[in-house]
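Below is the file structure.cif, which contains mmCIF, N, CA and C atoms.
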data_query
#
loop_
_atom_site.label_atom_id
_atom_site.label_comp_id
_atom_site.auth_asym_id
_atom_site.auth_seq_id
_atom_site.Cartn_x
_atom_site.Cartn_y
_atom_site.Cartn_z
N MET A 1 0.83 -1.18 0.00
CA MET A 1 0.00 0.00 0.00
C MET A 1 0.87 1.25 0.00
N SER A 2 0.40 2.27 -0.62
CA SER A 2 1.14 3.52 -0.70
C SER A 2 0.97 4.34 0.56
N THR A 3 2.03 5.03 0.95
CA THR A 3 1.94 5.93 2.09
C THR A 3 2.03 7.39 1.63
N ALA A 4 1.68 7.65 0.38
CA ALA A 4 1.77 9.00 -0.16
C ALA A 4 0.89 9.98 0.62
N TRP A 5 -0.22 9.50 1.16
CA TRP A 5 -1.12 10.37 1.92
C TRP A 5 -0.42 10.96 3.13
N ILE A 6 0.58 10.25 3.68
CA ILE A 6 1.25 10.72 4.89
C ILE A 6 1.96 12.05 4.64
N ASN A 7 2.58 12.19 3.48
CA ASN A 7 3.35 13.40 3.18
C ASN A 7 2.47 14.58 2.80
N THR A 8 1.23 14.34 2.38
CA THR A 8 0.40 15.43 1.91
C THR A 8 -0.79 15.73 2.82
N ALA A 9 -0.96 14.94 3.87
CA ALA A 9 -2.14 15.10 4.73
C ALA A 9 -2.08 16.41 5.48
N LYS A 10 -3.24 17.01 5.67
CA LYS A 10 -3.36 18.24 6.44
C LYS A 10 -4.37 18.02 7.54
N LEU A 11 -4.13 18.66 8.65
CA LEU A 11 -4.99 18.53 9.82
C LEU A 11 -6.01 19.66 9.79
N SER A 12 -7.28 19.34 9.89
CA SER A 12 -8.30 20.38 9.88
C SER A 12 -8.57 20.85 11.29
N ASP A 13 -8.93 22.10 11.42
CA ASP A 13 -9.19 22.69 12.73
C ASP A 13 -10.69 22.69 12.99
N PRO A 14 -11.14 22.00 14.04
CA PRO A 14 -12.58 21.94 14.31
C PRO A 14 -13.17 23.29 14.67
N PHE A 15 -12.35 24.25 15.11
CA PHE A 15 -12.86 25.57 15.48
C PHE A 15 -13.11 26.45 14.26
N THR A 16 -12.54 26.09 13.12
CA THR A 16 -12.71 26.91 11.93
C THR A 16 -13.53 26.21 10.87
N GLY A 17 -14.27 25.20 11.25
CA GLY A 17 -15.13 24.50 10.31
C GLY A 17 -14.37 23.71 9.26
N GLY A 18 -13.20 23.21 9.63
CA GLY A 18 -12.43 22.39 8.71
C GLY A 18 -11.40 23.15 7.90
N VAL A 19 -11.31 24.47 8.07
CA VAL A 19 -10.30 25.24 7.35
C VAL A 19 -8.94 24.89 7.92
N VAL A 20 -7.98 24.63 7.05
CA VAL A 20 -6.65 24.25 7.49
C VAL A 20 -5.90 25.48 7.98
N ILE A 21 -5.36 25.38 9.19
CA ILE A 21 -4.55 26.46 9.75
C ILE A 21 -3.09 26.14 9.47
N THR A 22 -2.39 27.04 8.81
CA THR A 22 -1.00 26.78 8.47
C THR A 22 -0.04 27.60 9.31
N ASP A 23 -0.50 28.55 10.06
CA ASP A 23 0.36 29.35 10.92
C ASP A 23 0.91 28.47 12.03
N GLU A 24 2.24 28.39 12.12
CA GLU A 24 2.87 27.50 13.10
C GLU A 24 2.51 27.85 14.54
N SER A 25 2.13 29.09 14.81
CA SER A 25 1.79 29.47 16.18
C SER A 25 0.50 28.80 16.66
N HIS A 26 -0.28 28.26 15.74
CA HIS A 26 -1.54 27.61 16.09
C HIS A 26 -1.40 26.10 16.26
N GLU A 27 -0.18 25.57 16.02
CA GLU A 27 -0.02 24.12 16.03
C GLU A 27 -0.38 23.48 17.36
N ASP A 28 0.11 24.05 18.46
CA ASP A 28 -0.21 23.47 19.77
C ASP A 28 -1.70 23.55 20.05
N LEU A 29 -2.33 24.67 19.70
CA LEU A 29 -3.76 24.83 19.90
C LEU A 29 -4.53 23.81 19.08
N LEU A 30 -4.05 23.56 17.87
CA LEU A 30 -4.73 22.63 16.98
C LEU A 30 -4.74 21.22 17.55
N VAL A 31 -3.60 20.74 18.01
CA VAL A 31 -3.53 19.40 18.59
C VAL A 31 -4.33 19.36 19.89
N ALA A 32 -4.24 20.42 20.69
CA ALA A 32 -5.01 20.47 21.94
C ALA A 32 -6.50 20.42 21.66
N SER A 33 -6.95 21.13 20.63
CA SER A 33 -8.38 21.12 20.31
C SER A 33 -8.81 19.74 19.80
N CYS A 34 -7.93 19.08 19.06
CA CYS A 34 -8.25 17.71 18.61
C CYS A 34 -8.30 16.75 19.79
N LEU A 35 -7.38 16.90 20.73
CA LEU A 35 -7.41 16.04 21.92
C LEU A 35 -8.70 16.25 22.72
N ALA A 36 -9.13 17.52 22.83
CA ALA A 36 -10.38 17.80 23.54
C ALA A 36 -11.57 17.18 22.80
N ALA A 37 -11.57 17.30 21.49
CA ALA A 37 -12.66 16.71 20.70
C ALA A 37 -12.61 15.18 20.77
N ALA A 38 -11.41 14.62 20.78
CA ALA A 38 -11.26 13.16 20.90
C ALA A 38 -11.81 12.68 22.24
N ALA A 39 -11.60 13.47 23.27
CA ALA A 39 -12.12 13.10 24.60
C ALA A 39 -13.65 13.04 24.59
N GLN A 40 -14.26 13.74 23.66
CA GLN A 40 -15.71 13.72 23.51
C GLN A 40 -16.17 12.65 22.52
N GLY A 41 -15.21 11.88 21.97
CA GLY A 41 -15.55 10.80 21.05
C GLY A 41 -15.63 11.20 19.59
N ASP A 42 -15.05 12.34 19.22
CA ASP A 42 -15.10 12.83 17.85
C ASP A 42 -14.20 11.97 16.94
N THR A 43 -14.81 11.22 16.05
CA THR A 43 -14.09 10.32 15.15
C THR A 43 -13.12 11.06 14.26
N SER A 44 -13.51 12.23 13.76
CA SER A 44 -12.61 13.01 12.90
C SER A 44 -11.38 13.48 13.68
N ALA A 45 -11.56 13.78 14.95
CA ALA A 45 -10.42 14.18 15.78
C ALA A 45 -9.46 13.01 15.96
N TYR A 46 -9.99 11.81 16.12
CA TYR A 46 -9.13 10.62 16.21
C TYR A 46 -8.27 10.52 14.95
N TYR A 47 -8.93 10.66 13.81
CA TYR A 47 -8.23 10.57 12.52
C TYR A 47 -7.18 11.67 12.39
N ASP A 48 -7.57 12.90 12.70
CA ASP A 48 -6.64 14.03 12.59
C ASP A 48 -5.41 13.84 13.48
N LEU A 49 -5.61 13.30 14.67
CA LEU A 49 -4.48 13.02 15.55
C LEU A 49 -3.59 11.92 14.96
N GLY A 50 -4.19 10.93 14.34
CA GLY A 50 -3.41 9.90 13.66
C GLY A 50 -2.55 10.49 12.56
N VAL A 51 -3.12 11.40 11.80
CA VAL A 51 -2.36 12.07 10.74
C VAL A 51 -1.21 12.87 11.34
N ALA A 52 -1.48 13.63 12.38
CA ALA A 52 -0.44 14.45 13.01
C ALA A 52 0.72 13.59 13.51
N TYR A 53 0.40 12.51 14.22
CA TYR A 53 1.46 11.66 14.76
C TYR A 53 2.16 10.86 13.67
N SER A 54 1.48 10.49 12.61
CA SER A 54 2.13 9.71 11.55
C SER A 54 3.05 10.57 10.71
N THR A 55 2.79 11.86 10.66
CA THR A 55 3.62 12.76 9.85
C THR A 55 4.59 13.58 10.69
N GLY A 56 4.42 13.56 12.00
CA GLY A 56 5.27 14.40 12.84
C GLY A 56 5.00 15.86 12.58
N SER A 57 3.75 16.21 12.42
CA SER A 57 3.37 17.59 12.09
C SER A 57 2.53 18.20 13.20
N HIS A 58 2.27 19.48 13.06
CA HIS A 58 1.42 20.22 13.98
C HIS A 58 1.93 20.19 15.41
N GLY A 59 3.25 20.26 15.55
CA GLY A 59 3.84 20.38 16.87
C GLY A 59 4.06 19.09 17.62
N VAL A 60 3.82 17.94 16.99
CA VAL A 60 4.09 16.65 17.65
C VAL A 60 5.18 15.92 16.86
N ASP A 61 5.94 15.11 17.57
CA ASP A 61 6.95 14.28 16.92
C ASP A 61 6.29 13.10 16.23
N CYS A 62 6.93 12.59 15.20
CA CYS A 62 6.44 11.39 14.53
C CYS A 62 6.49 10.23 15.52
N ASP A 63 5.35 9.58 15.71
CA ASP A 63 5.24 8.47 16.65
C ASP A 63 4.23 7.48 16.07
N LEU A 64 4.72 6.43 15.45
CA LEU A 64 3.82 5.49 14.78
C LEU A 64 2.93 4.73 15.75
N ILE A 65 3.39 4.53 16.98
CA ILE A 65 2.54 3.86 17.97
C ILE A 65 1.33 4.73 18.29
N GLU A 66 1.57 6.01 18.55
CA GLU A 66 0.44 6.92 18.82
C GLU A 66 -0.44 7.08 17.58
N ALA A 67 0.19 7.16 16.40
CA ALA A 67 -0.58 7.28 15.16
C ALA A 67 -1.49 6.07 14.98
N HIS A 68 -0.96 4.88 15.20
CA HIS A 68 -1.75 3.66 15.07
C HIS A 68 -2.90 3.67 16.06
N LYS A 69 -2.62 4.10 17.29
CA LYS A 69 -3.67 4.16 18.31
C LYS A 69 -4.82 5.04 17.82
N TRP A 70 -4.52 6.23 17.34
CA TRP A 70 -5.58 7.15 16.91
C TRP A 70 -6.29 6.65 15.66
N PHE A 71 -5.53 6.12 14.69
CA PHE A 71 -6.17 5.56 13.50
C PHE A 71 -7.05 4.37 13.88
N ASN A 72 -6.61 3.57 14.83
CA ASN A 72 -7.38 2.42 15.28
C ASN A 72 -8.70 2.88 15.91
N LEU A 73 -8.64 3.87 16.77
CA LEU A 73 -9.85 4.38 17.41
C LEU A 73 -10.83 4.92 16.36
N ALA A 74 -10.30 5.64 15.36
CA ALA A 74 -11.16 6.18 14.31
C ALA A 74 -11.75 5.04 13.47
N ALA A 75 -10.93 4.04 13.15
CA ALA A 75 -11.40 2.92 12.32
C ALA A 75 -12.50 2.13 13.03
N VAL A 76 -12.31 1.89 14.31
CA VAL A 76 -13.32 1.15 15.10
C VAL A 76 -14.64 1.92 15.12
N ALA A 77 -14.54 3.26 15.07
CA ALA A 77 -15.75 4.09 15.07
C ALA A 77 -16.34 4.25 13.67
N GLY A 78 -15.74 3.58 12.67
CA GLY A 78 -16.33 3.58 11.33
C GLY A 78 -15.66 4.47 10.31
N HIS A 79 -14.53 5.06 10.62
CA HIS A 79 -13.82 5.93 9.67
C HIS A 79 -13.02 5.06 8.70
N ALA A 80 -13.50 4.93 7.46
CA ALA A 80 -12.90 4.02 6.48
C ALA A 80 -11.47 4.39 6.13
N GLU A 81 -11.20 5.67 5.93
CA GLU A 81 -9.84 6.09 5.56
C GLU A 81 -8.85 5.81 6.69
N ALA A 82 -9.31 5.93 7.93
CA ALA A 82 -8.44 5.63 9.07
C ALA A 82 -8.01 4.17 9.05
N ALA A 83 -8.91 3.29 8.65
CA ALA A 83 -8.56 1.87 8.59
C ALA A 83 -7.45 1.63 7.57
N MET A 84 -7.51 2.33 6.45
CA MET A 84 -6.46 2.19 5.43
C MET A 84 -5.14 2.77 5.93
N CYS A 85 -5.20 3.90 6.60
CA CYS A 85 -4.00 4.53 7.14
C CYS A 85 -3.36 3.64 8.21
N ARG A 86 -4.19 3.06 9.05
CA ARG A 86 -3.71 2.15 10.08
C ARG A 86 -2.97 0.97 9.45
N ALA A 87 -3.53 0.42 8.39
CA ALA A 87 -2.89 -0.70 7.69
C ALA A 87 -1.56 -0.28 7.08
N ASP A 88 -1.52 0.93 6.52
CA ASP A 88 -0.28 1.42 5.91
C ASP A 88 0.83 1.56 6.94
N ILE A 89 0.54 2.17 8.06
CA ILE A 89 1.62 2.37 9.04
C ILE A 89 1.97 1.07 9.75
N SER A 90 1.02 0.14 9.82
CA SER A 90 1.31 -1.16 10.44
C SER A 90 2.44 -1.88 9.71
N ASP A 91 2.52 -1.65 8.39
CA ASP A 91 3.59 -2.26 7.59
C ASP A 91 4.97 -1.77 8.02
N GLU A 92 5.02 -0.61 8.66
CA GLU A 92 6.29 -0.02 9.10
C GLU A 92 6.60 -0.31 10.56
N MET A 93 5.73 -1.07 11.22
CA MET A 93 5.85 -1.30 12.66
C MET A 93 6.15 -2.77 12.96
N THR A 94 6.79 -3.00 14.12
CA THR A 94 6.99 -4.37 14.59
C THR A 94 5.70 -4.86 15.25
N ALA A 95 5.62 -6.16 15.46
CA ALA A 95 4.45 -6.73 16.14
C ALA A 95 4.31 -6.17 17.55
N ARG A 96 5.43 -5.94 18.22
CA ARG A 96 5.38 -5.37 19.58
C ARG A 96 4.85 -3.94 19.56
N GLU A 97 5.24 -3.17 18.55
CA GLU A 97 4.75 -1.79 18.45
C GLU A 97 3.25 -1.78 18.19
N VAL A 98 2.77 -2.65 17.33
CA VAL A 98 1.33 -2.74 17.06
C VAL A 98 0.59 -3.15 18.33
N ALA A 99 1.14 -4.11 19.06
CA ALA A 99 0.51 -4.55 20.31
C ALA A 99 0.45 -3.40 21.32
N GLU A 100 1.51 -2.61 21.40
CA GLU A 100 1.52 -1.46 22.30
C GLU A 100 0.48 -0.42 21.88
N ALA A 101 0.37 -0.18 20.58
CA ALA A 101 -0.63 0.76 20.08
C ALA A 101 -2.04 0.28 20.43
N GLN A 102 -2.28 -1.01 20.28
CA GLN A 102 -3.60 -1.56 20.61
C GLN A 102 -3.88 -1.46 22.11
N ARG A 103 -2.85 -1.68 22.93
CA ARG A 103 -3.00 -1.54 24.37
C ARG A 103 -3.37 -0.10 24.73
N ARG A 104 -2.71 0.86 24.09
CA ARG A 104 -3.00 2.27 24.35
C ARG A 104 -4.40 2.64 23.90
N ALA A 105 -4.86 2.08 22.80
CA ALA A 105 -6.23 2.34 22.32
C ALA A 105 -7.25 1.80 23.32
N ARG A 106 -7.01 0.59 23.82
CA ARG A 106 -7.92 0.03 24.84
C ARG A 106 -7.91 0.88 26.10
N GLU A 107 -6.73 1.34 26.49
CA GLU A 107 -6.61 2.19 27.67
C GLU A 107 -7.39 3.50 27.48
N TRP A 108 -7.31 4.09 26.28
CA TRP A 108 -8.05 5.32 25.98
C TRP A 108 -9.55 5.07 26.08
N LEU A 109 -10.00 3.97 25.49
CA LEU A 109 -11.43 3.65 25.54
C LEU A 109 -11.90 3.42 26.96
N SER A 110 -11.09 2.74 27.75
CA SER A 110 -11.43 2.48 29.14
C SER A 110 -11.52 3.79 29.93
N ALA A 111 -10.55 4.66 29.74
CA ALA A 111 -10.55 5.95 30.44
C ALA A 111 -11.72 6.81 29.97
N SER A 112 -12.04 6.75 28.69
CA SER A 112 -13.16 7.53 28.14
C SER A 112 -14.48 7.07 28.71
N SER A 113 -14.64 5.77 28.87
CA SER A 113 -15.90 5.26 29.40
C SER A 113 -16.04 5.63 30.87
N ARG A 114 -14.94 5.70 31.60
CA ARG A 114 -14.99 6.13 33.01
C ARG A 114 -15.37 7.59 33.11
N ARG A 115 -14.86 8.43 32.18
CA ARG A 115 -15.19 9.86 32.19
C ARG A 115 -16.66 10.07 31.89
N ALA A 116 -17.21 9.24 31.02
CA ALA A 116 -18.62 9.38 30.60
C ALA A 116 -19.57 8.94 31.71
N ALA A 117 -19.13 8.08 32.58
CA ALA A 117 -20.00 7.54 33.62
C ALA A 117 -20.18 8.49 34.78
#

Write the structure described by the file as structure tokens, please.
Amino acid sequence: MSTAWINTAKLSDPFTGGVVITDESHEDLLVASCLAAAAQGDTSAYYDLGVAYSTGSHGVDCDLIEAHKWFNLAAVAGHAEAAMCRADISDEMTAREVAEAQRRAREWLSASSRRAA
């Protein structure tokens, strides 16, 4: 599978209705807003965080384990493109890294369900 999407992906800002913010001063705010939206179960935020971590963009370092976690959460929630992205980065990961990403996704879901209760 091609990973061309990784180099060209852009993170949309939920506060601007999907308009891409390119000013570097907004990068931390952008990831923080996605994390807040993810805490509310926003599937698009899960995907956007996966893109950020897989590309090392928007103020975060490239981290395929975190990227897999976010793509996995989005895919489980029905985001088709996230499932393809998860498969692409899985090809670049060891079995232990994939297992760690899955553990982190389960941990996120567990913590999210406790917050909702």

Could you jot down the CA of Ser54 (chain A) to CA of Ala111 (chain A) separation for me, Å, one decimal place?
23.1 Å

Work out how far CA of Ser113 (chain A) is from CA of Tyr53 (chain A), in Å to one decimal.
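Here the two named atoms are 23.6 Å from each other.
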
Could you work out an axis-aligned box for region 55-66 of chain A, taking every atom the file lists and adding 3 Å on each side, and report centre and edge lengths in Å to one decimal, as lines of an AutoDock Vina configuration file?
center_x = 3.3
center_y = 12.1
center_z = 14.3
size_x = 13.4
size_y = 22.5
size_z = 15.0

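Applied to this file, the PyMOL selection byres ((chain A and resi 32-45) around 7) selects Pro14, Glu27, Asp28, Leu29, Leu30, Val31, Tyr46, Tyr47, Asp48, Leu49, Gly50, Leu73, Ala74, Ala77, His79 and Ser112 of chain A.
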
Mind giving me the straight-line distance from CA of Ala80 (chain A) to atom N of Arg103 (chain A) in Å, one decimal?
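Computing the Euclidean distance for CA of Ala80 (chain A) and atom N of Arg103 (chain A) yields 20.1 Å.
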
Counting all atoms listed in the file, the option among A:Ala87, A:Gly59, A:Ala52, A:Lys69 closest to Arg104 (chain A):
A:Lys69

Could you check the closest approach to Glu97 (chain A) for each of A:Val51, A:Val76, A:Ala82, A:Ile65 and tell me which residue wins, using all atoms listed in the file?
A:Ile65

Nearest to Val98 (chain A) among A:Ala75, A:Arg86, A:Asp61, A:Arg114, with distances taken over only C-alpha atoms: which residue is it?
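For Val98 (chain A), the nearest of the candidates is A:Arg86.
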